[in-house]
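For reference, input.cif (mmCIF, C-alpha atoms):
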data_coords
loop_
_atom_site.label_atom_id
_atom_site.label_comp_id
_atom_site.auth_asym_id
_atom_site.auth_seq_id
_atom_site.Cartn_x
_atom_site.Cartn_y
_atom_site.Cartn_z
CA MET A 19 99.90 114.53 116.86
CA ARG A 20 103.67 113.87 117.10
CA ILE A 21 103.19 112.07 120.44
CA VAL A 22 100.50 109.84 118.90
CA SER A 23 102.71 109.14 115.88
CA ASN A 24 105.69 108.19 118.07
CA LEU A 25 103.46 105.94 120.20
CA LYS A 26 102.22 104.12 117.09
CA LYS A 27 105.82 103.54 115.95
CA LYS A 28 106.81 102.13 119.35
CA LEU A 29 103.76 99.87 119.48
CA TYR A 30 104.17 98.64 115.88
CA PHE A 31 106.39 95.67 116.68
CA VAL A 32 104.48 94.94 119.90
CA ALA A 33 101.25 94.58 117.93
CA ALA A 34 103.03 92.73 115.10
CA GLY A 35 104.43 90.35 117.70
CA TYR A 36 100.94 89.33 118.75
CA PHE A 37 100.07 88.19 115.22
CA LYS A 38 103.54 86.72 114.65
CA PHE A 39 103.11 84.49 117.73
CA PHE A 40 99.98 82.85 116.35
CA ALA A 41 101.22 82.89 112.73
CA ASN A 42 104.30 80.99 113.87
CA ILE A 43 102.14 78.20 115.27
CA SER A 44 100.46 77.82 111.88
CA LEU A 45 103.82 78.12 110.09
CA LYS A 46 105.34 75.30 112.14
CA ARG A 47 102.35 73.10 111.38
CA TRP A 48 102.77 73.95 107.69
CA HIS A 49 106.62 73.66 107.61
CA PRO A 50 107.29 74.87 104.04
CA ARG A 51 110.65 75.51 102.40
CA ILE A 52 110.93 79.30 102.76
CA ILE A 53 112.49 81.45 100.04
CA VAL A 54 112.66 85.20 100.73
CA ILE A 55 112.93 87.97 98.11
CA THR A 56 114.21 91.35 99.29
CA GLY A 57 115.74 94.57 97.97
CA SER A 58 115.01 98.21 97.25
CA ALA A 59 113.31 97.50 93.91
CA GLY A 60 112.35 94.54 91.74
CA LYS A 61 110.98 92.32 94.51
CA THR A 62 107.50 91.96 93.05
CA THR A 63 108.93 91.12 89.62
CA MET A 64 110.98 88.33 91.20
CA LEU A 65 107.96 87.06 93.14
CA ASN A 66 105.85 86.85 90.00
CA LEU A 67 108.65 85.17 88.04
CA MET A 68 108.81 82.52 90.76
CA GLU A 69 105.06 82.02 90.47
CA VAL A 70 105.34 81.24 86.75
CA GLN A 71 108.00 78.64 87.56
CA LEU A 72 106.58 76.97 90.67
CA GLY A 73 102.85 77.43 90.13
CA ALA A 74 100.74 75.49 92.62
CA LYS A 75 103.82 74.04 94.35
CA ALA A 76 104.19 77.28 96.31
CA HIS A 77 102.23 79.90 98.19
CA TYR A 78 103.18 83.52 97.45
CA SER A 79 102.98 86.53 99.78
CA HIS A 80 101.27 88.80 97.26
CA ASN A 81 100.59 92.27 98.73
CA ALA A 82 102.03 91.13 102.08
CA ASN A 83 105.65 92.16 102.59
CA SER A 84 105.59 93.63 106.13
CA ALA A 85 105.67 92.10 109.60
CA PHE A 86 101.89 92.38 109.81
CA GLY A 87 101.25 91.37 106.21
CA ILE A 88 103.31 88.19 106.35
CA ALA A 89 101.69 87.14 109.64
CA PHE A 90 98.22 87.66 108.17
CA ASP A 91 99.26 85.81 105.01
CA VAL A 92 100.49 82.78 106.96
CA LEU A 93 97.19 82.70 108.87
CA GLY A 94 95.20 83.05 105.64
CA MET A 95 93.56 86.25 106.90
CA ARG A 96 92.67 89.37 104.99
CA GLY A 97 94.89 92.26 106.01
CA ILE A 98 94.12 95.63 107.54
CA THR A 99 91.49 97.76 105.83
CA GLY A 100 91.51 100.65 108.30
CA SER A 101 88.28 99.61 110.05
CA LYS A 102 88.49 99.42 113.84
CA LEU A 103 85.96 96.60 113.76
CA HIS A 104 88.16 94.66 111.34
CA TRP A 105 91.09 95.07 113.73
CA LEU A 106 88.98 93.46 116.47
CA THR A 107 88.07 90.61 114.13
CA LEU A 108 91.74 90.01 113.35
CA LEU A 109 92.70 90.00 117.03
CA ILE A 110 90.04 87.42 117.82
CA SER A 111 90.60 85.31 114.70
CA ALA A 112 94.39 84.94 114.98
CA PRO A 113 94.43 82.40 117.87
CA ILE A 114 91.70 80.34 116.23
CA ARG A 115 93.40 80.35 112.81
CA ALA A 116 96.73 79.33 114.38
CA PHE A 117 95.37 75.89 115.26
CA ASN A 118 92.66 75.45 112.62
CA TYR A 119 94.37 76.74 109.45
CA ARG A 120 97.57 76.06 107.56
CA HIS A 121 98.71 76.27 103.97
CA GLN A 122 99.53 73.05 102.15
CA GLU A 123 102.11 74.06 99.52
CA GLN A 124 105.69 72.78 99.54
CA PHE A 125 107.26 76.24 99.23
CA TYR A 126 106.55 79.66 100.74
CA ILE A 127 107.85 82.51 98.53
CA VAL A 128 107.97 85.66 100.65
CA GLU A 129 108.52 89.24 99.53
CA CYS A 130 110.15 91.26 102.33
CA ASP A 131 110.43 95.06 102.32
CA GLY A 132 112.90 97.25 104.20
CA GLU A 133 110.73 100.34 104.43
CA ARG A 134 110.74 100.51 108.23
CA PRO A 135 114.03 100.24 110.16
CA HIS A 136 114.37 96.87 111.92
CA GLU A 137 111.43 95.31 110.05
CA ALA A 138 113.53 93.22 107.66
CA GLU A 139 115.61 92.13 110.65
CA TYR A 140 112.43 91.21 112.54
CA ILE A 141 111.18 89.09 109.64
CA ALA A 142 114.61 87.53 109.02
CA LYS A 143 115.00 86.31 112.60
CA TRP A 144 111.46 84.94 112.52
CA LEU A 145 111.47 83.11 109.17
CA LYS A 146 115.15 82.08 109.00
CA PRO A 147 114.73 81.33 105.26
CA GLU A 148 116.36 78.46 103.44
CA ALA A 149 117.25 80.80 100.57
CA THR A 150 117.25 84.57 100.06
CA MET A 151 117.34 86.54 96.81
CA TRP A 152 118.67 90.07 97.43
CA VAL A 153 117.79 91.66 94.09
CA SER A 154 118.81 95.32 94.56
CA LEU A 155 120.11 97.97 96.94
CA GLY A 156 119.37 101.70 96.91
CA ARG A 157 117.80 104.65 98.67
CA SER A 158 114.20 103.49 98.88
CA HIS A 159 112.26 105.05 101.80
CA ALA A 160 115.41 106.92 102.82
CA VAL A 161 113.48 109.37 105.00
CA PHE A 162 112.71 106.63 107.54
CA TYR A 163 116.41 106.02 108.20
CA GLU A 164 117.41 109.61 108.96
CA LYS A 165 116.78 109.18 112.69
CA ASP A 166 119.23 106.26 112.99
CA VAL A 167 121.89 108.21 111.09
CA ALA A 168 121.34 111.30 113.27
CA ALA A 169 121.72 109.11 116.37
CA GLY A 170 125.13 108.00 115.13
CA LYS A 171 124.18 104.36 114.52
CA PHE A 172 125.33 104.61 110.89
CA LYS A 173 127.63 106.91 108.92
CA ASN A 174 125.00 107.70 106.29
CA ILE A 175 121.65 106.68 104.79
CA ASP A 176 123.21 104.21 102.36
CA GLU A 177 124.91 102.29 105.17
CA ALA A 178 121.70 102.22 107.21
CA ILE A 179 119.61 100.81 104.36
CA ALA A 180 122.27 98.25 103.39
CA HIS A 181 122.49 97.03 106.99
CA GLU A 182 118.73 96.57 107.14
CA PHE A 183 118.55 94.43 104.00
CA PHE A 184 121.67 92.48 104.98
CA THR A 185 119.88 91.05 108.02
CA LEU A 186 118.03 88.69 105.68
CA PRO A 187 121.11 87.07 104.06
CA GLU A 188 122.67 87.04 107.53
CA ASN A 189 119.82 84.86 108.83
CA THR A 190 119.60 82.61 105.74
CA ARG A 191 120.48 78.94 106.23
CA LYS A 192 121.63 77.61 102.84
CA LEU A 193 121.68 79.86 99.75
CA VAL A 194 121.99 83.62 99.17
CA LEU A 195 121.69 85.09 95.67
CA ILE A 196 122.98 88.65 95.20
CA ASP A 197 123.64 91.20 92.46
CA GLY A 198 127.31 90.53 91.77
CA ASP A 199 127.72 93.94 90.14
CA ASN A 200 126.89 95.66 93.45
CA SER A 201 130.14 96.02 95.38
CA THR A 202 128.36 96.69 98.69
CA MET A 203 126.38 93.47 98.48
CA VAL A 204 129.48 91.47 97.53
CA LYS A 205 131.53 92.93 100.39
CA MET A 206 128.82 92.42 103.02
CA CYS A 207 128.11 88.81 102.03
CA LYS A 208 131.72 87.56 101.93
CA LYS A 209 131.70 85.77 105.28
CA LEU A 210 128.18 84.36 105.42
CA LYS A 211 127.65 80.78 106.53
CA ALA A 212 125.19 80.20 103.68
CA LYS A 213 126.45 79.66 100.13
CA VAL A 214 126.59 83.00 98.28
CA VAL A 215 126.04 83.08 94.51
CA PRO A 216 126.53 86.45 92.75
CA VAL A 217 124.87 86.98 89.36
CA THR A 218 126.11 89.55 86.84
CA ARG A 219 124.67 91.43 83.89
CA ARG A 220 127.55 90.22 81.71
CA SER A 221 125.69 86.93 81.28
CA LEU A 222 123.11 88.59 79.01
CA LYS A 223 123.89 88.11 75.31
CA LYS A 224 120.97 89.96 73.70
CA TYR A 225 118.10 92.22 74.85
CA GLU A 226 115.12 93.53 72.87
CA VAL A 227 112.20 95.61 74.11
CA ALA A 228 109.07 97.09 72.50
CA PRO A 229 105.74 98.32 73.90
CA GLN A 230 104.33 94.77 73.85
CA LYS A 231 107.34 92.49 74.23
CA ALA A 232 110.75 91.90 75.77
CA VAL A 233 113.34 89.21 75.00
CA PHE A 234 116.36 88.26 77.14
CA ASP A 235 118.80 85.84 75.49
CA PHE A 236 121.38 84.18 77.78
CA GLY A 237 122.35 81.44 75.35
CA LYS A 238 121.34 78.66 77.73
CA TYR A 239 117.88 80.19 78.13
CA LYS A 240 115.95 82.70 76.02
CA TYR A 241 113.21 84.33 78.09
CA SER A 242 110.32 86.06 76.31
CA PHE A 243 107.65 88.38 77.74
CA LYS A 244 104.50 89.88 76.24
CA GLU A 245 104.99 93.16 78.10
CA PRO A 246 107.94 95.61 78.17
CA MET A 247 110.54 94.71 80.79
CA PRO A 248 113.65 96.73 81.77
CA ARG A 249 117.11 95.40 80.97
CA ASP A 250 117.81 95.27 84.72
CA VAL A 251 115.42 92.32 84.98
CA VAL A 252 118.50 90.36 83.88
CA VAL A 253 119.36 90.17 87.62
CA GLN A 254 116.05 88.49 88.49
CA LEU A 255 116.25 86.17 85.49
CA MET A 256 119.76 85.04 86.41
CA MET A 257 118.60 84.45 89.96
CA LEU A 258 115.63 82.53 88.60
CA GLY A 259 117.94 80.09 86.81
CA GLU A 260 120.12 79.70 89.91
CA ILE A 261 117.25 79.07 92.32
CA MET A 262 115.56 76.57 90.01
CA ASP A 263 118.86 74.70 89.61
CA TYR A 264 119.21 74.68 93.40
CA LEU A 265 115.67 73.29 93.76
CA GLU A 266 116.43 70.76 91.00
CA LEU A 267 113.40 71.88 89.00
CA PRO A 268 113.17 72.77 85.26
CA VAL A 269 113.20 76.39 84.08
CA ILE A 270 110.26 77.69 82.03
CA PRO A 271 111.71 80.28 79.59
CA ASP A 272 108.34 81.11 77.96
CA LEU A 273 107.09 83.92 80.20
CA SER A 274 104.12 84.92 78.04
CA THR A 275 101.82 84.13 80.98
CA PHE A 276 103.82 86.43 83.28
CA ARG A 277 101.80 89.42 84.45
CA MET A 278 103.07 92.25 86.57
CA PRO A 279 100.71 93.88 89.10
CA PRO A 280 99.15 97.19 88.05
CA ALA A 281 101.41 100.10 87.11
CA ARG A 282 104.68 98.18 86.74
CA ASN A 283 105.52 98.64 83.05
CA ASN A 284 102.05 97.62 81.87
CA PHE A 285 101.07 98.29 78.24
CA LEU A 286 97.69 100.00 77.78
CA ARG A 287 95.90 101.40 74.74
CA GLY A 288 95.08 105.10 74.91
CA LYS A 289 92.81 107.52 73.09
CA LYS A 290 93.62 108.36 69.47
CA GLY A 291 95.84 105.28 69.31
CA ILE A 292 98.53 106.39 71.76
CA LYS A 293 100.55 103.62 73.42
CA ILE A 294 100.75 103.90 77.21
CA ILE A 295 103.48 102.31 79.36
CA ASP A 296 102.14 102.60 82.89
CA SER A 297 104.86 102.40 85.55
CA SER A 298 103.23 104.81 87.99
CA TYR A 299 103.11 102.49 91.00
CA ASN A 300 106.15 104.01 92.72
CA ALA A 301 109.45 105.72 92.08
CA HIS A 302 112.91 106.04 93.56
CA ILE A 303 116.17 106.51 91.73
CA ILE A 304 116.74 102.77 91.20
CA SER A 305 113.36 102.10 89.60
CA MET A 306 113.56 105.40 87.69
CA THR A 307 116.95 104.42 86.24
CA SER A 308 115.74 100.96 85.28
CA VAL A 309 112.55 102.12 83.57
CA LEU A 310 114.14 105.10 81.82
CA ASP A 311 116.93 102.90 80.46
CA MET A 312 114.25 100.54 79.15
CA PHE A 313 112.38 103.40 77.49
CA LYS A 314 115.57 104.67 75.89
CA GLU A 315 116.15 101.26 74.26
CA MET A 316 112.51 100.63 73.36
CA LYS A 317 111.81 100.18 69.66
CA THR A 318 109.07 102.78 69.20
CA SER A 319 108.76 106.31 67.84
CA HIS A 320 107.60 109.63 69.31
CA LYS A 321 108.54 108.96 72.94
CA TRP A 322 106.89 111.10 75.61
CA MET A 323 107.39 110.86 79.37
CA VAL A 324 105.15 111.94 82.25
CA ILE A 325 107.22 112.03 85.44
CA GLY A 326 106.04 112.60 89.01
CA ASP A 327 108.01 113.38 92.15
CA ILE A 328 110.22 110.87 93.95
CA ILE A 329 108.88 110.80 97.52
CA ASP A 330 110.11 109.53 100.93
CA GLN A 331 113.62 110.87 100.35
CA GLY A 332 113.75 113.35 103.22
CA GLN A 333 116.92 115.44 103.21
CA LEU A 334 118.11 113.63 100.07
CA GLU A 335 115.24 114.77 97.82
CA ASN A 336 117.23 117.63 96.30
CA GLU A 337 120.12 115.32 95.40
CA GLU A 338 117.90 112.53 94.05
CA HIS A 339 115.87 114.87 91.84
CA GLU A 340 119.02 116.40 90.40
CA LYS A 341 120.14 112.88 89.46
CA LEU A 342 116.72 112.39 87.88
CA ALA A 343 117.30 115.38 85.58
CA LYS A 344 120.41 113.72 84.12
CA LEU A 345 118.58 110.43 83.62
CA LEU A 346 115.65 112.09 81.84
CA ALA A 347 117.89 114.10 79.54
CA ASP A 348 119.69 110.94 78.48
CA VAL A 349 116.50 109.24 77.19
CA GLY A 350 116.12 111.70 74.33
CA ALA A 351 112.31 111.89 74.48
CA GLU A 352 110.38 114.28 72.28
CA GLN A 353 108.51 115.70 75.26
CA ILE A 354 108.82 115.47 79.05
CA VAL A 355 105.89 116.41 81.29
CA MET A 356 106.67 116.76 85.01
CA VAL A 357 104.20 116.87 87.89
CA GLY A 358 104.90 117.95 91.48
CA ARG A 359 106.81 120.49 93.54
CA ARG A 360 110.00 118.40 93.86
CA THR A 361 110.52 117.94 90.12
CA LYS A 362 109.58 121.59 89.65
CA ASN A 363 112.09 122.86 92.21
CA TYR A 364 115.03 120.52 91.62
CA THR A 365 114.68 118.73 88.25
CA TYR A 366 113.12 121.30 85.94
CA PRO A 367 115.78 124.02 86.37
CA ILE A 368 118.47 121.58 85.16
CA LEU A 369 116.41 119.80 82.53
CA LYS A 370 114.97 122.86 80.78
CA LYS A 371 118.42 123.57 79.31
CA LYS A 372 118.71 120.07 77.82
CA ALA A 373 115.24 118.86 76.77
CA ASN A 374 111.75 119.82 75.68
CA VAL A 375 110.08 119.89 79.10
CA VAL A 376 107.09 121.40 80.87
CA SER A 377 106.38 121.37 84.60
CA PHE A 378 103.05 121.43 86.43
CA ASP A 379 102.03 121.54 90.06
CA LYS A 380 98.91 119.43 89.64
CA PRO A 381 97.96 116.31 87.64
CA GLN A 382 94.90 118.15 86.25
CA GLU A 383 97.20 120.63 84.52
CA ALA A 384 99.35 117.84 83.10
CA LEU A 385 96.26 116.06 81.75
CA GLU A 386 95.06 119.22 80.02
CA PHE A 387 98.45 119.63 78.32
CA LEU A 388 98.48 116.01 77.19
CA GLU A 389 94.94 116.11 75.81
CA GLN A 390 95.74 119.24 73.84
CA ASN A 391 99.07 118.06 72.42
CA LEU A 392 99.00 114.27 71.92
CA THR A 393 98.30 113.32 68.29
CA GLY A 394 97.96 109.54 68.64
CA LYS A 395 101.38 108.62 67.29
CA GLU A 396 103.12 108.76 70.68
CA THR A 397 104.27 106.13 73.16
CA VAL A 398 103.86 107.71 76.60
CA LEU A 399 105.70 106.46 79.71
CA PHE A 400 104.23 107.31 83.12
CA LYS A 401 106.51 107.07 86.17
CA GLY A 402 106.35 108.62 89.65
CA SER A 403 103.99 109.90 92.33
CA GLN A 404 101.30 112.61 92.25
CA TYR A 405 98.47 110.21 91.40
CA LEU A 406 99.57 109.73 87.80
CA GLU A 407 97.20 106.73 87.61
CA TRP A 408 94.36 109.29 87.44
CA VAL A 409 95.96 110.89 84.37
CA VAL A 410 96.38 107.45 82.78
CA GLU A 411 92.72 106.65 83.48
CA LYS A 412 91.57 109.78 81.67
CA LEU A 413 93.65 108.85 78.60
CA LEU A 414 92.46 105.23 78.27
CA GLU A 415 90.83 104.14 75.04
CA ASP A 416 88.61 101.74 77.00
CA PRO A 417 87.49 103.26 80.35
CA SER A 418 86.91 99.78 81.78
CA ASP A 419 90.71 99.25 81.66
CA LYS A 420 90.97 101.35 84.81
CA ILE A 421 90.82 98.08 86.79
CA LYS A 422 94.35 97.50 85.46
CA LEU A 423 95.63 100.66 87.18
CA ALA A 424 97.24 101.11 90.59
CA ARG A 425 95.44 102.26 93.74
CA GLN A 426 91.87 101.51 92.75
CA ASP A 427 90.66 100.74 96.29
CA GLU A 428 88.16 102.96 98.08
CA ALA A 429 90.75 104.61 100.34
CA HIS A 430 92.83 105.83 97.38
CA ARG A 431 89.74 106.95 95.51
CA ARG A 432 88.87 109.15 98.49
CA ARG A 433 92.40 110.57 98.59
CA ARG A 434 92.30 111.39 94.89
CA ALA A 435 88.92 113.04 95.37
CA SER A 436 90.46 115.24 98.09
CA TRP A 437 92.86 116.46 95.39
CA GLY A 438 89.91 117.21 93.12
CA LEU A 439 90.66 114.15 90.98
CA ASN A 440 87.24 112.70 90.20
#
Starting from the coordinates I provided, produce the structure as structure tokens.
Amino acid sequence: MRIVSNLKKKLYFVAAGYFKFFANISLKRWHPRIIVITGSAGKTTMLNLMEVQLGAKAHYSHNANSAFGIAFDVLGMRGITGSKLHWLTLLISAPIRAFNYRHQEQFYIVECDGERPHEAEYIAKWLKPEATMWVSLGRSHAVFYEKDVAAGKFKNIDEAIAHEFFTLPENTRKLVLIDGDNSTMVKMCKKLKAKVVPVTRRSLKKYEVAPQKAVFDFGKYKYSFKEPMPRDVVVQLMMLGEIMDYLELPVIPDLSTFRMPPARNNFLRGKKGIKIIDSSYNAHIISMTSVLDMFKEMKTSHKWMVIGDIIDQGQLENEEHEKLAKLLADVGAEQIVMVGRRTKNYTYPILKKKANVVSFDKPQEALEFLEQNLTGKETVLFKGSQYLEWVVEKLLEDPSDKIKLARQDEAHRRRRASWGLN
């Protein structure tokens, strides 16, 4: 199995190169102004903010942030579904689409992940974007960088991840927007050929958040949402103003039409009248910090939290889950419910001395506790892995709202079923 896995990794960029070759033909025929969004967290938020601003002027790489995904997106093809027959269809279709299909929009807004070492670099050297927005930097998918650190290519995981993301600003032609409060970003981007504009949180004058709203007041602009948004979105909003000024286009501060994809701080109504904040799509220490800070400031009573493991951390999982304990204790929630072996082994022993907390191995056990103890007055935040979307589904006031949850495709339904989550 290890030999097969290693072979797949080696062939990944070879296979991606096939689709990139034909996608590049279509891309050159299209010739859009390319703006890339990258970082450890907050990329999708930035992508959707850009969509509110640019609308039909741009095409957006929704659900396509990898070497394969972006190539398929450029060719206007549906991505991989796991079917061998579909793979064959894609292989045959790519050359045809290269010459017979192209997008028409003026801009191409691309979300680029750094999950796999060298993938951001691969995309950067291909797209050579006009502008890049580097929204965050942290230990996302750290486990995948352990091999490069062990080989002596980098001093530590943090350096390896930073280097990967930096390849995008490094290959940007005109404008790079960065988090000016991140010293690593500032240091790395000092000598770039492109213009570098750092944005800082100090620009925010006032922030309000509730289960069904968020307001960010910068003085010049006052942005308003109809869903809860973390304070850290100030970085994306500052970048939004900068990029729109650069493009010489007006800013739309009314973000009431803004909608995040499923399980990114979405408000849902639960049984008995409970308020659900569903942020169960993913979790690493950056997104955990952002969402927990938001929940701490949220104007609502009877705060409960359901927290799953942080995954893909490899040798760092002990350290990251100990950090999580401190973050959770600081929120001051009435009740914390944890799910998974990592939170049980590393977070619970620290947290049990500081907060009202219970820990379960399985989501079924967590659901049983919630159903027995929730009264209807609570606002419940869900964040982390362990298929917490299944728990959310079982607590919904309207069962049809499950279409608003993460991982509702057939493949994930089968995986949940294998856990006994039906």
Picked residues, the PyMOL selection byres ((chain A and resi 409-415) around 6), expected as an mmCIF file with C-alpha atoms, keeping the file's coordinate frame:
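Result went into result-v8.cif, see below:
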data_model
loop_
_atom_site.group_PDB
_atom_site.id
_atom_site.type_symbol
_atom_site.label_atom_id
_atom_site.label_comp_id
_atom_site.auth_asym_id
_atom_site.auth_seq_id
_atom_site.Cartn_x
_atom_site.Cartn_y
_atom_site.Cartn_z
ATOM 1 C CA ARG A 287 95.900 101.400 74.740
ATOM 2 C CA GLY A 288 95.080 105.100 74.910
ATOM 3 C CA LYS A 289 92.810 107.520 73.090
ATOM 4 C CA LEU A 385 96.260 116.060 81.750
ATOM 5 C CA LEU A 406 99.570 109.730 87.800
ATOM 6 C CA GLU A 407 97.200 106.730 87.610
ATOM 7 C CA TRP A 408 94.360 109.290 87.440
ATOM 8 C CA ASP A 416 88.610 101.740 77.000
ATOM 9 C CA PRO A 417 87.490 103.260 80.350
ATOM 10 C CA LYS A 420 90.970 101.350 84.810
#
May I have the residues within 7 Å of Leu93 in chain A as a list in words, using all atoms listed in the file and disregarding those fewer than 4 positions away in the same chain?
Ala41, Ser44, Ala89, Arg115, Ala116, Tyr119 and Arg120 of chain A
Let me know the residues the PyMOL selection byres ((chain A and resi 148) around 12) catches in the file above, as a count of residues only.
34
On this structure, which residues satisfy the PyMOL selection byres ((chain A and resi 181) around 12), written as a PyMOL selection string?
chain A and resi 57+132+135-139+155-156+163+166-167+171-180+182-188+202-203+205-207
For Ile421 in chain A, the nearest of the candidates A:Leu273, A:Leu286, A:Val376, A:Ile303, counting all atoms listed in the file
A:Leu286
Would you compute the distance between CA of Glu133 in chain A and CA of Arg157 in chain A? Give it in Å to one decimal.
10.1 Å
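Atom pair CA of Thr107 in chain A / CA of Ala76 in chain A has a distance of 27.5 Å (rounded to one decimal).
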Of the candidates A:Met278, A:Gln230, A:Gln71, A:Ser297, which one gets nearest to Thr318 in chain A if we count all atoms listed in the file?
A:Gln230
If you count all atoms listed in the file, which residues fall within 12 Å of Gly358 in chain A, apart from same-chain ones fewer than 4 positions away, as a PDB file with C-alpha atoms, keeping the file's coordinate frame?
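This is the output file result.pdb:
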ATOM      1  CA  VAL A 324     105.150 111.940  82.250  1.00  0.00           C
ATOM      2  CA  ILE A 325     107.220 112.030  85.440  1.00  0.00           C
ATOM      3  CA  GLY A 326     106.040 112.600  89.010  1.00  0.00           C
ATOM      4  CA  ASP A 327     108.010 113.380  92.150  1.00  0.00           C
ATOM      5  CA  ILE A 328     110.220 110.870  93.950  1.00  0.00           C
ATOM      6  CA  ILE A 329     108.880 110.800  97.520  1.00  0.00           C
ATOM      7  CA  HIS A 339     115.870 114.870  91.840  1.00  0.00           C
ATOM      8  CA  LYS A 362     109.580 121.590  89.650  1.00  0.00           C
ATOM      9  CA  ASN A 363     112.090 122.860  92.210  1.00  0.00           C
ATOM     10  CA  TYR A 364     115.030 120.520  91.620  1.00  0.00           C
ATOM     11  CA  THR A 365     114.680 118.730  88.250  1.00  0.00           C
ATOM     12  CA  TYR A 366     113.120 121.300  85.940  1.00  0.00           C
ATOM     13  CA  VAL A 376     107.090 121.400  80.870  1.00  0.00           C
ATOM     14  CA  SER A 377     106.380 121.370  84.600  1.00  0.00           C
ATOM     15  CA  PHE A 378     103.050 121.430  86.430  1.00  0.00           C
ATOM     16  CA  ASP A 379     102.030 121.540  90.060  1.00  0.00           C
ATOM     17  CA  LYS A 380      98.910 119.430  89.640  1.00  0.00           C
ATOM     18  CA  PRO A 381      97.960 116.310  87.640  1.00  0.00           C
ATOM     19  CA  GLN A 382      94.900 118.150  86.250  1.00  0.00           C
ATOM     20  CA  GLU A 383      97.200 120.630  84.520  1.00  0.00           C
ATOM     21  CA  ALA A 384      99.350 117.840  83.100  1.00  0.00           C
ATOM     22  CA  GLY A 402     106.350 108.620  89.650  1.00  0.00           C
ATOM     23  CA  SER A 403     103.990 109.900  92.330  1.00  0.00           C
ATOM     24  CA  GLN A 404     101.300 112.610  92.250  1.00  0.00           C
ATOM     25  CA  TYR A 405      98.470 110.210  91.400  1.00  0.00           C
ATOM     26  CA  LEU A 406      99.570 109.730  87.800  1.00  0.00           C
TER      27      LEU A 406
END
What's the 7 Å shell around Pro216 in chain A, counting only C-alpha atoms, without same-chain residues fewer than 2 positions away, as a ChimeraX atom specification?
/A:195-198,214,218
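Around the point (124.0, 85.0, 76.0), within 7 Å and counting all atoms listed in the file, we find these residues: Ser221, Leu222, Lys223, Lys224, Asp235, Phe236 and Gly237 of chain A.
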Please dump the current selection as an mmCIF file, in the coordinates of the input; keep C-alpha atoms.
data_model
loop_
_atom_site.group_PDB
_atom_site.id
_atom_site.type_symbol
_atom_site.label_atom_id
_atom_site.label_comp_id
_atom_site.auth_asym_id
_atom_site.auth_seq_id
_atom_site.Cartn_x
_atom_site.Cartn_y
_atom_site.Cartn_z
ATOM 1 C CA SER A 221 125.690 86.930 81.280
ATOM 2 C CA LEU A 222 123.110 88.590 79.010
ATOM 3 C CA LYS A 223 123.890 88.110 75.310
ATOM 4 C CA LYS A 224 120.970 89.960 73.700
ATOM 5 C CA ASP A 235 118.800 85.840 75.490
ATOM 6 C CA PHE A 236 121.380 84.180 77.780
ATOM 7 C CA GLY A 237 122.350 81.440 75.350
#
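Here CA of Glu129 in chain A and CA of Ala228 in chain A stand 28.2 Å from one another.
Closest to Ala160 in chain A among A:Asn284, A:Ile294, A:Met306, A:Ser58 is A:Ser58, based on all atoms listed in the file.
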Atom completion result for range 247-256 of chain A (N, CA and C atoms) as a PDB file, keeping the file's coordinate frame:
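Final output, result.pdb:
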ATOM      1  N   MET A 247     109.812  94.971  79.556  1.00  0.00           N
ATOM      2  CA  MET A 247     110.540  94.710  80.790  1.00  0.00           C
ATOM      3  C   MET A 247     111.901  95.404  80.714  1.00  0.00           C
ATOM      4  N   PRO A 248     112.350  96.054  81.792  1.00  0.00           N
ATOM      5  CA  PRO A 248     113.650  96.730  81.770  1.00  0.00           C
ATOM      6  C   PRO A 248     114.814  95.753  81.639  1.00  0.00           C
ATOM      7  N   ARG A 249     115.904  96.223  81.094  1.00  0.00           N
ATOM      8  CA  ARG A 249     117.110  95.400  80.970  1.00  0.00           C
ATOM      9  C   ARG A 249     117.563  94.884  82.329  1.00  0.00           C
ATOM     10  N   ASP A 250     117.360  95.667  83.397  1.00  0.00           N
ATOM     11  CA  ASP A 250     117.810  95.270  84.720  1.00  0.00           C
ATOM     12  C   ASP A 250     117.136  94.005  85.244  1.00  0.00           C
ATOM     13  N   VAL A 251     116.060  93.569  84.590  1.00  0.00           N
ATOM     14  CA  VAL A 251     115.420  92.320  84.980  1.00  0.00           C
ATOM     15  C   VAL A 251     116.371  91.145  84.752  1.00  0.00           C
ATOM     16  N   VAL A 252     117.477  91.391  84.065  1.00  0.00           N
ATOM     17  CA  VAL A 252     118.500  90.360  83.880  1.00  0.00           C
ATOM     18  C   VAL A 252     118.936  89.795  85.237  1.00  0.00           C
ATOM     19  N   VAL A 253     118.966  90.628  86.278  1.00  0.00           N
ATOM     20  CA  VAL A 253     119.360  90.170  87.620  1.00  0.00           C
ATOM     21  C   VAL A 253     118.378  89.127  88.126  1.00  0.00           C
ATOM     22  N   GLN A 254     117.068  89.445  88.031  1.00  0.00           N
ATOM     23  CA  GLN A 254     116.050  88.490  88.490  1.00  0.00           C
ATOM     24  C   GLN A 254     116.054  87.219  87.662  1.00  0.00           C
ATOM     25  N   LEU A 255     116.262  87.350  86.354  1.00  0.00           N
ATOM     26  CA  LEU A 255     116.250  86.170  85.490  1.00  0.00           C
ATOM     27  C   LEU A 255     117.452  85.261  85.759  1.00  0.00           C
ATOM     28  N   MET A 256     118.605  85.852  86.035  1.00  0.00           N
ATOM     29  CA  MET A 256     119.760  85.040  86.410  1.00  0.00           C
ATOM     30  C   MET A 256     119.518  84.336  87.740  1.00  0.00           C
TER      31      MET A 256
END
